[in-house]
>>> print(open('my_file04.pdb').read())   # PDB, C-alpha atoms (C1' of nucleotides)
ATOM      1  CA  MET A   1     -46.436  -2.047  60.272
ATOM      2  CA  PRO A   2     -43.940  -4.485  58.812
ATOM      3  CA  THR A   3     -40.223  -3.894  58.916
ATOM      4  CA  LEU A   4     -40.061  -4.081  55.141
ATOM      5  CA  THR A   5     -42.679  -2.985  52.653
ATOM      6  CA  ALA A   6     -43.712  -5.373  49.917
ATOM      7  CA  ALA A   7     -41.775  -3.262  47.435
ATOM      8  CA  GLN A   8     -38.665  -3.436  49.559
ATOM      9  CA  GLN A   9     -38.950  -7.174  49.920
ATOM     10  CA  ARG A  10     -39.286  -7.509  46.181
ATOM     11  CA  ALA A  11     -36.317  -5.261  45.645
ATOM     12  CA  ALA A  12     -34.295  -7.367  48.047
ATOM     13  CA  ALA A  13     -35.356 -10.556  46.289
ATOM     14  CA  ARG A  14     -34.362  -9.050  42.961
ATOM     15  CA  ALA A  15     -30.993  -7.934  44.242
ATOM     16  CA  GLU A  16     -30.377 -11.424  45.524
ATOM     17  CA  TYR A  17     -31.483 -12.938  42.268
ATOM     18  CA  ASP A  18     -29.372 -10.564  40.250
ATOM     19  CA  ALA A  19     -26.404 -11.616  42.316
ATOM     20  CA  PHE A  20     -27.271 -15.231  41.567
ATOM     21  CA  LEU A  21     -27.508 -14.463  37.876
ATOM     22  CA  ALA A  22     -24.295 -12.502  37.913
ATOM     23  CA  ALA A  23     -22.535 -15.512  39.384
ATOM     24  CA  CYS A  24     -23.880 -17.887  36.746
ATOM     25  CA  PRO A  25     -21.082 -18.644  34.273
ATOM     26  CA  SER A  26     -23.318 -19.597  31.367
ATOM     27  CA  ARG A  27     -25.296 -16.425  31.798
ATOM     28  CA  GLN A  28     -22.202 -14.259  31.827
ATOM     29  CA  VAL A  29     -20.729 -15.840  28.740
ATOM     30  CA  LEU A  30     -24.068 -15.826  27.001
ATOM     31  CA  ALA A  31     -24.448 -12.153  27.809
ATOM     32  CA  ARG A  32     -20.977 -11.524  26.451
ATOM     33  CA  ILE A  33     -21.185 -13.345  23.138
ATOM     34  CA  SER A  34     -24.731 -12.200  22.593
ATOM     35  CA  ASP A  35     -23.695  -8.580  22.496
ATOM     36  CA  LYS A  36     -24.550  -6.945  19.224
ATOM     37  CA  TRP A  37     -20.943  -6.415  18.184
ATOM     38  CA  VAL A  38     -19.041  -9.157  19.982
ATOM     39  CA  THR A  39     -19.908 -11.941  17.594
ATOM     40  CA  LEU A  40     -19.032  -9.834  14.580
ATOM     41  CA  ILE A  41     -15.658  -8.922  16.045
ATOM     42  CA  LEU A  42     -14.968 -12.491  17.058
ATOM     43  CA  VAL A  43     -15.805 -13.811  13.619
ATOM     44  CA  ALA A  44     -13.801 -11.045  11.953
ATOM     45  CA  LEU A  45     -10.769 -11.852  14.080
ATOM     46  CA  ALA A  46     -11.132 -15.598  13.561
ATOM     47  CA  GLY A  47      -9.401 -15.100  10.222
ATOM     48  CA  GLY A  48      -6.351 -13.475  11.795
ATOM     49  CA  PRO A  49      -5.182 -10.251  13.482
ATOM     50  CA  LEU A  50      -6.688  -6.974  12.380
ATOM     51  CA  ARG A  51      -6.010  -3.308  13.019
ATOM     52  CA  TYR A  52      -8.486  -1.037  14.731
ATOM     53  CA  SER A  53      -9.313   0.769  11.528
ATOM     54  CA  ASP A  54      -9.687  -2.523   9.646
ATOM     55  CA  LEU A  55     -12.280  -3.697  12.139
ATOM     56  CA  GLY A  56     -14.108  -0.417  11.808
ATOM     57  CA  ARG A  57     -14.221  -0.823   8.057
ATOM     58  CA  ILE A  58     -15.116  -4.518   7.961
ATOM     59  CA  ILE A  59     -17.853  -4.153  10.539
ATOM     60  CA  THR A  60     -19.785  -1.481   8.733
ATOM     61  CA  GLY A  61     -22.066   0.569  10.903
ATOM     62  CA  VAL A  62     -20.218   0.292  14.175
ATOM     63  CA  SER A  63     -19.414   3.552  15.948
ATOM     64  CA  GLN A  64     -15.938   4.054  17.393
ATOM     65  CA  LYS A  65     -17.488   4.166  20.782
ATOM     66  CA  MET A  66     -19.005   0.715  20.472
ATOM     67  CA  LEU A  67     -15.989  -0.714  18.698
ATOM     68  CA  THR A  68     -13.619   0.511  21.372
ATOM     69  CA  GLN A  69     -15.962  -0.396  24.179
ATOM     70  CA  THR A  70     -16.513  -3.904  22.868
ATOM     71  CA  LEU A  71     -12.817  -4.484  22.261
ATOM     72  CA  ARG A  72     -12.096  -3.375  25.835
ATOM     73  CA  THR A  73     -14.506  -5.842  27.377
ATOM     74  CA  LEU A  74     -13.190  -8.610  25.156
ATOM     75  CA  GLU A  75      -9.674  -7.704  26.186
ATOM     76  CA  ARG A  76     -10.698  -7.597  29.824
ATOM     77  CA  ASP A  77     -12.222 -11.050  29.512
ATOM     78  CA  GLY A  78      -9.029 -12.320  27.915
ATOM     79  CA  LEU A  79     -10.690 -13.271  24.638
ATOM     80  CA  VAL A  80      -8.815 -10.739  22.559
ATOM     81  CA  SER A  81      -5.320  -9.311  22.864
ATOM     82  CA  ARG A  82      -4.208  -5.812  21.993
ATOM     83  CA  ALA A  83      -0.762  -5.053  20.573
ATOM     84  CA  VAL A  84       0.447  -1.482  20.211
ATOM     85  CA  THR A  85       3.239  -0.699  17.776
ATOM     86  CA  ALA A  86       4.810   2.588  18.821
ATOM     87  CA  SER A  87       5.354   4.055  15.384
ATOM     88  CA  VAL A  88       4.116   7.232  13.792
ATOM     89  CA  PRO A  89       1.290   7.006  13.266
ATOM     90  CA  VAL A  90       0.475   4.541  16.012
ATOM     91  CA  ARG A  91      -0.603   1.073  14.983
ATOM     92  CA  VAL A  92      -2.784  -1.211  17.078
ATOM     93  CA  ASP A  93      -3.512  -4.821  16.240
ATOM     94  CA  TYR A  94      -6.145  -7.027  17.785
ATOM     95  CA  GLN A  95      -6.255 -10.781  17.676
ATOM     96  CA  LEU A  96      -7.953 -13.705  19.329
ATOM     97  CA  THR A  97      -6.202 -15.199  22.326
ATOM     98  CA  PRO A  98      -6.059 -19.004  22.678
ATOM     99  CA  LEU A  99      -9.001 -18.612  25.041
ATOM    100  CA  GLY A 100     -10.952 -16.608  22.484
ATOM    101  CA  ASP A 101     -10.062 -19.178  19.887
ATOM    102  CA  SER A 102     -11.381 -21.982  22.057
ATOM    103  CA  LEU A 103     -14.755 -20.271  22.187
ATOM    104  CA  MET A 104     -15.194 -20.292  18.448
ATOM    105  CA  PRO A 105     -16.369 -23.929  18.151
ATOM    106  CA  ALA A 106     -19.222 -23.208  20.541
ATOM    107  CA  VAL A 107     -20.108 -20.045  18.644
ATOM    108  CA  ASN A 108     -19.961 -21.962  15.418
ATOM    109  CA  ALA A 109     -22.231 -24.650  16.861
ATOM    110  CA  VAL A 110     -24.900 -22.048  17.436
ATOM    111  CA  LYS A 111     -24.173 -20.531  14.056
ATOM    112  CA  ALA A 112     -24.509 -23.927  12.404
ATOM    113  CA  TRP A 113     -27.800 -24.601  14.150
ATOM    114  CA  ALA A 114     -28.995 -21.167  13.137
ATOM    115  CA  GLU A 115     -28.173 -21.655   9.488
ATOM    116  CA  GLU A 116     -29.739 -25.085   9.476
ATOM    117  CA  HIS A 117     -32.987 -24.138  11.172
ATOM    118  CA  ILE A 118     -33.523 -20.523  10.244
ATOM    119  CA  SER A 119     -36.016 -21.463   7.553
ATOM    120  CA  GLU A 120     -38.116 -23.370  10.064
ATOM    121  CA  ILE A 121     -38.080 -20.387  12.359
ATOM    122  CA  GLU A 122     -39.115 -18.084   9.555
ATOM    123  CA  THR A 123     -41.911 -20.420   8.536
ATOM    124  CA  SER A 124     -43.077 -20.540  12.116
ATOM    125  CA  ARG A 125     -43.005 -16.770  12.379
ATOM    126  CA  ALA A 126     -44.946 -16.311   9.179
ATOM    127  CA  ALA A 127     -47.603 -18.764  10.360
ATOM    128  CA  TYR A 128     -47.795 -17.085  13.733
ATOM    129  CA  ASP A 129     -48.146 -13.607  12.241
ATOM    130  CA  GLN A 130     -50.688 -14.847   9.716
ATOM    131  CA  GLN A 131     -52.756 -16.263  12.529
ATOM    132  CA  ALA A 132     -52.473 -13.041  14.483
ATOM    133  CA  SER A 133     -53.636 -10.764  11.687
ATOM    134  CA  ALA A 134     -56.441 -13.157  10.770
ATOM    135  CA  THR A 135     -57.687 -13.005  14.343
ATOM    136  CA  ILE A 136     -57.714  -9.223  14.240
ATOM    137  CA  ASP A 137     -59.538  -9.105  10.907
ATOM    138  CA  ARG A 138     -62.543 -11.058  11.998
TER     139      ARG A 138
ATOM    140  CA  MET B   6     -23.876  21.211  -1.975
ATOM    141  CA  PRO B   7     -23.942  17.421  -2.169
ATOM    142  CA  THR B   8     -27.148  15.489  -2.666
ATOM    143  CA  LEU B   9     -26.629  13.750   0.648
ATOM    144  CA  THR B  10     -24.930  15.099   3.729
ATOM    145  CA  ALA B  11     -22.308  12.970   5.418
ATOM    146  CA  ALA B  12     -24.782  12.224   8.182
ATOM    147  CA  GLN B  13     -27.379  11.089   5.691
ATOM    148  CA  GLN B  14     -24.890   8.863   3.948
ATOM    149  CA  ARG B  15     -23.946   7.299   7.243
ATOM    150  CA  ALA B  16     -27.582   6.809   8.139
ATOM    151  CA  ALA B  17     -28.168   5.125   4.797
ATOM    152  CA  ALA B  18     -25.167   2.881   5.276
ATOM    153  CA  ARG B  19     -26.422   1.940   8.699
ATOM    154  CA  ALA B  20     -29.907   1.177   7.478
ATOM    155  CA  GLU B  21     -28.437  -1.045   4.817
ATOM    156  CA  TYR B  22     -26.179  -2.732   7.306
ATOM    157  CA  ASP B  23     -28.988  -3.229   9.779
ATOM    158  CA  ALA B  24     -30.951  -4.925   7.046
ATOM    159  CA  PHE B  25     -27.954  -7.160   6.385
ATOM    160  CA  LEU B  26     -27.692  -7.957  10.060
ATOM    161  CA  ALA B  27     -31.387  -8.610  10.362
ATOM    162  CA  ALA B  28     -31.118 -11.141   7.564
ATOM    163  CA  CYS B  29     -28.182 -12.953   9.154
ATOM    164  CA  PRO B  30     -29.419 -16.231  10.646
ATOM    165  CA  SER B  31     -26.654 -16.603  13.215
ATOM    166  CA  ARG B  32     -27.237 -13.088  14.407
ATOM    167  CA  GLN B  33     -30.952 -13.615  14.785
ATOM    168  CA  VAL B  34     -30.582 -16.825  16.712
ATOM    169  CA  LEU B  35     -27.779 -15.400  18.790
ATOM    170  CA  ALA B  36     -29.940 -12.405  19.599
ATOM    171  CA  ARG B  37     -32.767 -14.735  20.534
ATOM    172  CA  ILE B  38     -30.947 -17.150  22.826
ATOM    173  CA  SER B  39     -28.904 -14.377  24.346
ATOM    174  CA  ASP B  40     -31.978 -12.644  25.680
ATOM    175  CA  LYS B  41     -31.889 -12.273  29.421
ATOM    176  CA  TRP B  42     -34.786 -14.641  30.031
ATOM    177  CA  VAL B  43     -34.764 -16.957  27.028
ATOM    178  CA  THR B  44     -31.973 -19.197  28.220
ATOM    179  CA  LEU B  45     -33.528 -19.552  31.645
ATOM    180  CA  ILE B  46     -36.880 -20.520  30.167
ATOM    181  CA  LEU B  47     -35.290 -22.920  27.719
ATOM    182  CA  VAL B  48     -33.283 -24.621  30.433
ATOM    183  CA  ALA B  49     -36.312 -24.731  32.731
ATOM    184  CA  LEU B  50     -38.422 -26.357  30.024
ATOM    185  CA  ALA B  51     -35.683 -28.800  29.080
ATOM    186  CA  GLY B  52     -36.811 -30.892  32.036
ATOM    187  CA  GLY B  53     -40.383 -31.139  30.786
ATOM    188  CA  PRO B  54     -43.580 -29.089  30.360
ATOM    189  CA  LEU B  55     -44.363 -26.393  32.885
ATOM    190  CA  ARG B  56     -47.309 -24.148  33.646
ATOM    191  CA  TYR B  57     -47.137 -20.387  33.373
ATOM    192  CA  SER B  58     -47.180 -19.920  37.115
ATOM    193  CA  ASP B  59     -44.524 -22.616  37.580
ATOM    194  CA  LEU B  60     -42.174 -20.759  35.260
ATOM    195  CA  GLY B  61     -42.837 -17.549  37.135
ATOM    196  CA  ARG B  62     -41.924 -19.231  40.386
ATOM    197  CA  ILE B  63     -38.884 -21.148  39.147
ATOM    198  CA  ILE B  64     -37.421 -18.150  37.365
ATOM    199  CA  THR B  65     -37.359 -15.867  40.361
ATOM    200  CA  GLY B  66     -37.294 -12.191  39.556
ATOM    201  CA  VAL B  67     -39.021 -12.274  36.192
ATOM    202  CA  SER B  68     -41.967  -9.913  35.768
ATOM    203  CA  GLN B  69     -45.154 -11.216  34.138
ATOM    204  CA  LYS B  70     -44.542  -8.799  31.345
ATOM    205  CA  MET B  71     -41.154 -10.256  30.486
ATOM    206  CA  LEU B  72     -42.261 -13.835  31.068
ATOM    207  CA  THR B  73     -45.248 -13.453  28.763
ATOM    208  CA  GLN B  74     -43.300 -11.457  26.203
ATOM    209  CA  THR B  75     -40.452 -13.947  26.098
ATOM    210  CA  LEU B  76     -42.783 -16.934  25.867
ATOM    211  CA  ARG B  77     -44.589 -15.244  22.971
ATOM    212  CA  THR B  78     -41.431 -14.718  20.943
ATOM    213  CA  LEU B  79     -40.321 -18.270  21.652
ATOM    214  CA  GLU B  80     -43.719 -19.508  20.543
ATOM    215  CA  ARG B  81     -43.573 -17.333  17.446
ATOM    216  CA  ASP B  82     -40.181 -18.764  16.589
ATOM    217  CA  GLY B  83     -41.542 -22.269  17.039
ATOM    218  CA  LEU B  84     -39.188 -23.150  19.878
ATOM    219  CA  VAL B  85     -41.893 -23.488  22.495
ATOM    220  CA  SER B  86     -45.500 -24.651  22.257
ATOM    221  CA  ARG B  87     -48.429 -23.393  24.275
ATOM    222  CA  ALA B  88     -51.293 -25.648  25.327
ATOM    223  CA  VAL B  89     -54.430 -24.210  26.894
ATOM    224  CA  THR B  90     -56.677 -26.421  28.967
ATOM    225  CA  ALA B  91     -60.100 -24.790  29.094
ATOM    226  CA  SER B  92     -60.931 -25.545  32.698
ATOM    227  CA  VAL B  93     -61.787 -23.305  35.618
ATOM    228  CA  PRO B  94     -59.406 -21.877  36.415
ATOM    229  CA  VAL B  95     -57.650 -21.926  33.069
ATOM    230  CA  ARG B  96     -54.476 -23.937  32.783
ATOM    231  CA  VAL B  97     -51.684 -23.220  30.329
ATOM    232  CA  ASP B  98     -48.713 -25.483  29.753
ATOM    233  CA  TYR B  99     -45.558 -24.642  27.892
ATOM    234  CA  GLN B 100     -43.066 -27.104  26.506
ATOM    235  CA  LEU B 101     -40.172 -27.281  24.097
ATOM    236  CA  THR B 102     -41.008 -28.187  20.533
ATOM    237  CA  PRO B 103     -38.752 -30.641  18.670
ATOM    238  CA  LEU B 104     -37.136 -27.583  17.135
ATOM    239  CA  GLY B 105     -36.544 -26.041  20.532
ATOM    240  CA  ASP B 106     -35.191 -29.330  21.734
ATOM    241  CA  SER B 107     -32.730 -29.477  18.849
ATOM    242  CA  LEU B 108     -31.300 -26.147  19.931
ATOM    243  CA  MET B 109     -30.383 -27.372  23.378
ATOM    244  CA  PRO B 110     -27.128 -29.119  22.383
ATOM    245  CA  ALA B 111     -25.810 -25.870  20.951
ATOM    246  CA  VAL B 112     -26.891 -23.963  24.047
ATOM    247  CA  ASN B 113     -25.275 -26.595  26.195
ATOM    248  CA  ALA B 114     -22.069 -26.338  24.175
ATOM    249  CA  VAL B 115     -21.815 -22.671  25.098
ATOM    250  CA  LYS B 116     -22.823 -23.480  28.641
ATOM    251  CA  ALA B 117     -20.139 -26.153  28.856
ATOM    252  CA  TRP B 118     -17.500 -23.797  27.488
ATOM    253  CA  ALA B 119     -18.615 -21.167  29.962
ATOM    254  CA  GLU B 120     -18.375 -23.463  32.942
ATOM    255  CA  GLU B 121     -14.995 -24.744  31.823
ATOM    256  CA  HIS B 122     -13.421 -21.367  31.160
ATOM    257  CA  ILE B 123     -15.173 -19.003  33.522
ATOM    258  CA  SER B 124     -12.275 -19.107  35.970
ATOM    259  CA  GLU B 125      -9.854 -18.035  33.252
ATOM    260  CA  ILE B 126     -12.124 -15.162  32.367
ATOM    261  CA  GLU B 127     -12.381 -14.110  35.980
ATOM    262  CA  THR B 128      -8.619 -14.286  36.390
ATOM    263  CA  SER B 129      -8.195 -12.183  33.288
ATOM    264  CA  ARG B 130     -10.696  -9.634  34.535
ATOM    265  CA  ALA B 131      -9.026  -9.383  37.917
ATOM    266  CA  ALA B 132      -5.639  -8.854  36.271
ATOM    267  CA  TYR B 133      -7.072  -6.260  33.927
ATOM    268  CA  ASP B 134      -8.780  -4.326  36.713
ATOM    269  CA  GLN B 135      -5.682  -4.556  38.879
ATOM    270  CA  GLN B 136      -3.650  -3.078  36.091
ATOM    271  CA  ALA B 137      -6.197  -0.317  35.573
ATOM    272  CA  SER B 138      -6.344   0.804  39.180
ATOM    273  CA  ALA B 139      -2.558   0.634  39.500
ATOM    274  CA  THR B 140      -2.239   2.952  36.528
ATOM    275  CA  ILE B 141      -4.614   5.426  38.122
ATOM    276  CA  ASP B 142      -2.819   5.330  41.465
ATOM    277  CA  ARG B 143       0.542   6.365  40.179
TER     278      ARG B 143
ATOM    279  C1'  DC C  22      -4.245   6.537  13.603
ATOM    280  C1'  DA C  23      -6.517   5.267  17.619
ATOM    281  C1'  DG C  24      -8.871   6.631  20.773
ATOM    282  C1'  DC C  25     -11.715   9.542  24.904
ATOM    283  C1'  DA C  26     -15.476  12.769  26.784
ATOM    284  C1'  DT C  27     -19.960  14.482  26.459
ATOM    285  C1'  DC C  28     -24.613  14.955  25.215
ATOM    286  C1'  DC C  29     -28.951  13.020  24.132
ATOM    287  C1'  DG C  30     -32.969  10.275  21.974
ATOM    288  C1'  DG C  31     -35.115   5.887  21.726
ATOM    289  C1'  DA C  32     -35.623   1.341  23.196
ATOM    290  C1'  DT C  33     -35.815  -1.841  27.176
ATOM    291  C1'  DG C  34     -37.807  -3.577  30.917
ATOM    292  C1'  DG C  35     -39.868  -3.143  35.711
ATOM    293  C1'  DA C  36     -44.002  -1.739  38.732
ATOM    294  C1'  DT C  37     -48.696  -1.314  39.052
ATOM    295  C1'  DA C  38     -53.497  -1.905  38.112
ATOM    296  C1'  DC C  39     -57.098  -4.198  35.724
ATOM    297  C1'  DT C  40     -59.605  -8.392  33.052
ATOM    298  C1'  DG C  41     -61.680 -12.990  31.110
TER     299       DG C  41
ATOM    300  C1'  DC D  27     -54.895 -18.641  36.799
ATOM    301  C1'  DA D  28     -53.054 -16.385  33.068
ATOM    302  C1'  DG D  29     -52.643 -12.880  31.251
ATOM    303  C1'  DT D  30     -53.251  -7.406  29.195
ATOM    304  C1'  DA D  31     -52.528  -2.314  29.433
ATOM    305  C1'  DT D  32     -50.167   1.627  30.956
ATOM    306  C1'  DC D  33     -46.770   4.480  32.960
ATOM    307  C1'  DC D  34     -42.232   5.536  33.788
ATOM    308  C1'  DA D  35     -37.009   5.092  35.108
ATOM    309  C1'  DT D  36     -32.976   3.440  33.307
ATOM    310  C1'  DC D  37     -29.608   2.432  30.201
ATOM    311  C1'  DC D  38     -27.774   1.444  25.712
ATOM    312  C1'  DG D  39     -25.821   3.171  21.950
ATOM    313  C1'  DG D  40     -25.185   6.882  18.245
ATOM    314  C1'  DA D  41     -23.459  11.620  16.950
ATOM    315  C1'  DT D  42     -20.222  15.032  17.666
ATOM    316  C1'  DG D  43     -16.012  17.225  18.935
ATOM    317  C1'  DC D  44     -11.363  16.937  20.833
ATOM    318  C1'  DT D  45      -6.474  14.679  21.959
ATOM    319  C1'  DG D  46      -1.642  12.134  22.062
TER     320       DG D  46
END
>>> encode(input="my_file04.pdb", output="structure tokens")
Amino acid sequence: MPTLTAAQQRAAARAEYDAFLAACPSRQVLARISDKWVTLILVALAGGPLRYSDLGRIITGVSQKMLTQTLRTLERDGLVSRAVTASVPVRVDYQLTPLGDSLMPAVNAVKAWAEEHISEIETSRAAYDQQASATIDR
Amino acid sequence: MPTLTAAQQRAAARAEYDAFLAACPSRQVLARISDKWVTLILVALAGGPLRYSDLGRIITGVSQKMLTQTLRTLERDGLVSRAVTASVPVRVDYQLTPLGDSLMPAVNAVKAWAEEHISEIETSRAAYDQQASATIDR
DNA sequence: CAGCATCCGGATGGATACTG
DNA sequence: CAGTATCCATCCGGATGCTG
């Protein structure tokens, strides 16, 4: 009887690998900017500071939960800053930090590639799906 | 009684917005390259063609399900090509297409930004968490 | 206005077993 | 070797209701 079962060994390997992944900078940043709402917020704020309610209106379809949650992680990562004006009613403005600003070129590089090659991707997808359904038919 | 309840209106707005998002090229590509395994596969293949089993070994921790699934979507999007050699046993090689290759600079731009600024992010996170726990303590 | 707490359904992804 | 098929735990994210 081995000290560790195969399942346990696999679990250990995964834990180790997860730790490796967690330590990988590219992976972390990729995970961050790939979040469903992050990019939208970043792009929205690229034009200048916005209030919480403005963001909620501009980014149609976001729930407060996700908006707040996303803003918190961005703030935690130092990409966005939060400024509270203690008036009545309260006013909170969000804006990109210099760090957040410096990320935009990279985001825009991906965006540019996307806009340039999206048609090729769509063509490829159509061909692939065509092929797939044809295979099923016969 | 209104024709649509508030919930229905919201659902409709969301559906519309989701359609808008789905049509957004940047969003699609971002969603693609941000996938947990996509980047790893892309980077692994950047060095040259690899067999299915090689990928599975290099990318420790990936399940066959995810490896296969990810390779399929990449193939569908035309970023990766699949070549079957009908021998015994079968041999399947994957490699970047020219299109997939053209994406690498953009991926590397993000990667470069990540590696350059990860320490700032970590510092920011530490400060943020410090602040949070201090607030709880008092 | 700008959130936070809670509940909950559906999607995501891993483990396992089987196949050409 | 290179997958496919199935089951199932987890987690993400939306809806709702409440607060300073």
>>> interface_residues(input="my_file04.pdb", of="chain A", to="chain B", cutoff="7 Å", atoms="all atoms listed in the file", output="ChimeraX atom specification")
/A:14,17,25-26,29-31,34,60-61,76-78,103,106,109-111,113-115,118,121,124-125,128
>>> interface_residues(input="my_file04.pdb", of="chain C", to="chain B", cutoff="12 Å", atoms="all atoms listed in the file", output="PyMOL selection string")
chain C and resi 33-37+41
>>> closest_residue(input="my_file04.pdb", among="A:Ser133, A:Ile41, A:Arg82, A:Val88", to="chain D", atoms="all atoms listed in the file")
A:Val88
>>> atom_distance(input="my_file04.pdb", atom1="CA of Asp101 (chain A)", atom2="CA of Pro49 (chain A)")
12.0 Å
>>> axis_aligned_box(input="my_file04.pdb", around="region 51-61 of chain B", padding_each_side="8 Å", output="lines of an AutoDock Vina configuration file")
center_x = -41.5
center_y = -24.3
center_z = 33.3
size_x = 27.6
size_y = 29.6
size_z = 24.5
>>> interface_residues(input="my_file04.pdb", of="chain D", to="chain A", cutoff="10 Å", atoms="only C-alpha atoms (C1' of nucleotides)", output="list in words")
DG39, DG40, DA41 and DG46 of chain D
>>> resolve_selection(input="my_file04.pdb", expression="the PyMOL selection byres ((chain D and resi 31) around 12)", output="NGL selection string")
(:B and (70)) or (:C and (37-40)) or (:D and (29-30 or 32-33))
>>> closest_residue(input="my_file04.pdb", among="B:Arg56, B:Gly61, B:Val85, B:Leu72", to="Val97 (chain B)", atoms="only C-alpha atoms")
B:Arg56
>>> atom_distance(input="my_file04.pdb", atom1="CA of Thr75 (chain B)", atom2="CA of Val43 (chain B)")
6.5 Å
>>> resolve_selection(input="my_file04.pdb", expression="the PyMOL selection byres ((chain C and resi 23-30) around 8)", output="list in words")
Tyr52, Thr68, Val90, Arg91 and Val92 of chain A; DC22 and DG31 of chain C; DT45 of chain D
>>> closest_residue(input="my_file04.pdb", among="B:Leu76, B:Ala49, B:Ala91, B:Ile63", to="DC27 (chain D)", atoms="only C-alpha atoms (C1' of nucleotides)")
B:Ala91
>>> decode(input="my_file04.pdb", residues="region 86-99 of chain B", atoms="N, CA, C and O atoms", output="tab-separated table (two decimals), in the first residue's frame")
chain	number	residue	atom	x	y	z
B	86	SER	N	-3.47	24.74	-36.18
B	86	SER	CA	-3.84	23.71	-37.15
B	86	SER	C	-3.53	22.32	-36.61
B	86	SER	O	-2.63	22.15	-35.79
B	87	ARG	N	-4.29	21.36	-37.08
B	87	ARG	CA	-4.22	20.00	-36.57
B	87	ARG	C	-3.86	19.08	-37.73
B	87	ARG	O	-4.55	19.05	-38.75
B	88	ALA	N	-2.78	18.32	-37.56
B	88	ALA	CA	-2.34	17.42	-38.63
B	88	ALA	C	-2.30	15.99	-38.14
B	88	ALA	O	-1.55	15.68	-37.21
B	89	VAL	N	-3.10	15.14	-38.76
B	89	VAL	CA	-3.15	13.73	-38.35
B	89	VAL	C	-2.28	12.88	-39.27
B	89	VAL	O	-2.41	12.95	-40.49
B	90	THR	N	-1.40	12.12	-38.66
B	90	THR	CA	-0.61	11.16	-39.42
B	90	THR	C	-1.20	9.77	-39.18
B	90	THR	O	-1.17	9.26	-38.05
B	91	ALA	N	-1.74	9.18	-40.24
B	91	ALA	CA	-2.46	7.92	-40.09
B	91	ALA	C	-1.51	6.74	-39.99
B	91	ALA	O	-1.37	5.93	-40.90
B	92	SER	N	-0.83	6.66	-38.86
B	92	SER	CA	0.07	5.53	-38.63
B	92	SER	C	-0.49	4.73	-37.46
B	92	SER	O	-1.55	5.03	-36.94
B	93	VAL	N	0.23	3.69	-37.06
B	93	VAL	CA	-0.18	2.96	-35.87
B	93	VAL	C	0.98	2.96	-34.88
B	93	VAL	O	2.03	2.38	-35.17
B	94	PRO	N	0.79	3.62	-33.73
B	94	PRO	CA	-0.42	4.34	-33.34
B	94	PRO	C	-0.54	5.68	-34.06
B	94	PRO	O	0.44	6.18	-34.62
B	95	VAL	N	-1.73	6.24	-34.00
B	95	VAL	CA	-1.99	7.52	-34.65
B	95	VAL	C	-1.10	8.61	-34.07
B	95	VAL	O	-0.74	8.55	-32.89
B	96	ARG	N	-0.79	9.59	-34.90
B	96	ARG	CA	0.03	10.69	-34.43
B	96	ARG	C	-0.64	11.99	-34.85
B	96	ARG	O	-1.02	12.16	-36.01
B	97	VAL	N	-0.80	12.90	-33.90
B	97	VAL	CA	-1.45	14.17	-34.20
B	97	VAL	C	-0.56	15.32	-33.77
B	97	VAL	O	-0.14	15.39	-32.61
B	98	ASP	N	-0.26	16.20	-34.73
B	98	ASP	CA	0.56	17.36	-34.41
B	98	ASP	C	-0.25	18.63	-34.48
B	98	ASP	O	-1.10	18.80	-35.36
B	99	TYR	N	0.04	19.52	-33.57
B	99	TYR	CA	-0.60	20.83	-33.55
B	99	TYR	C	0.45	21.90	-33.76
B	99	TYR	O	1.57	21.78	-33.25
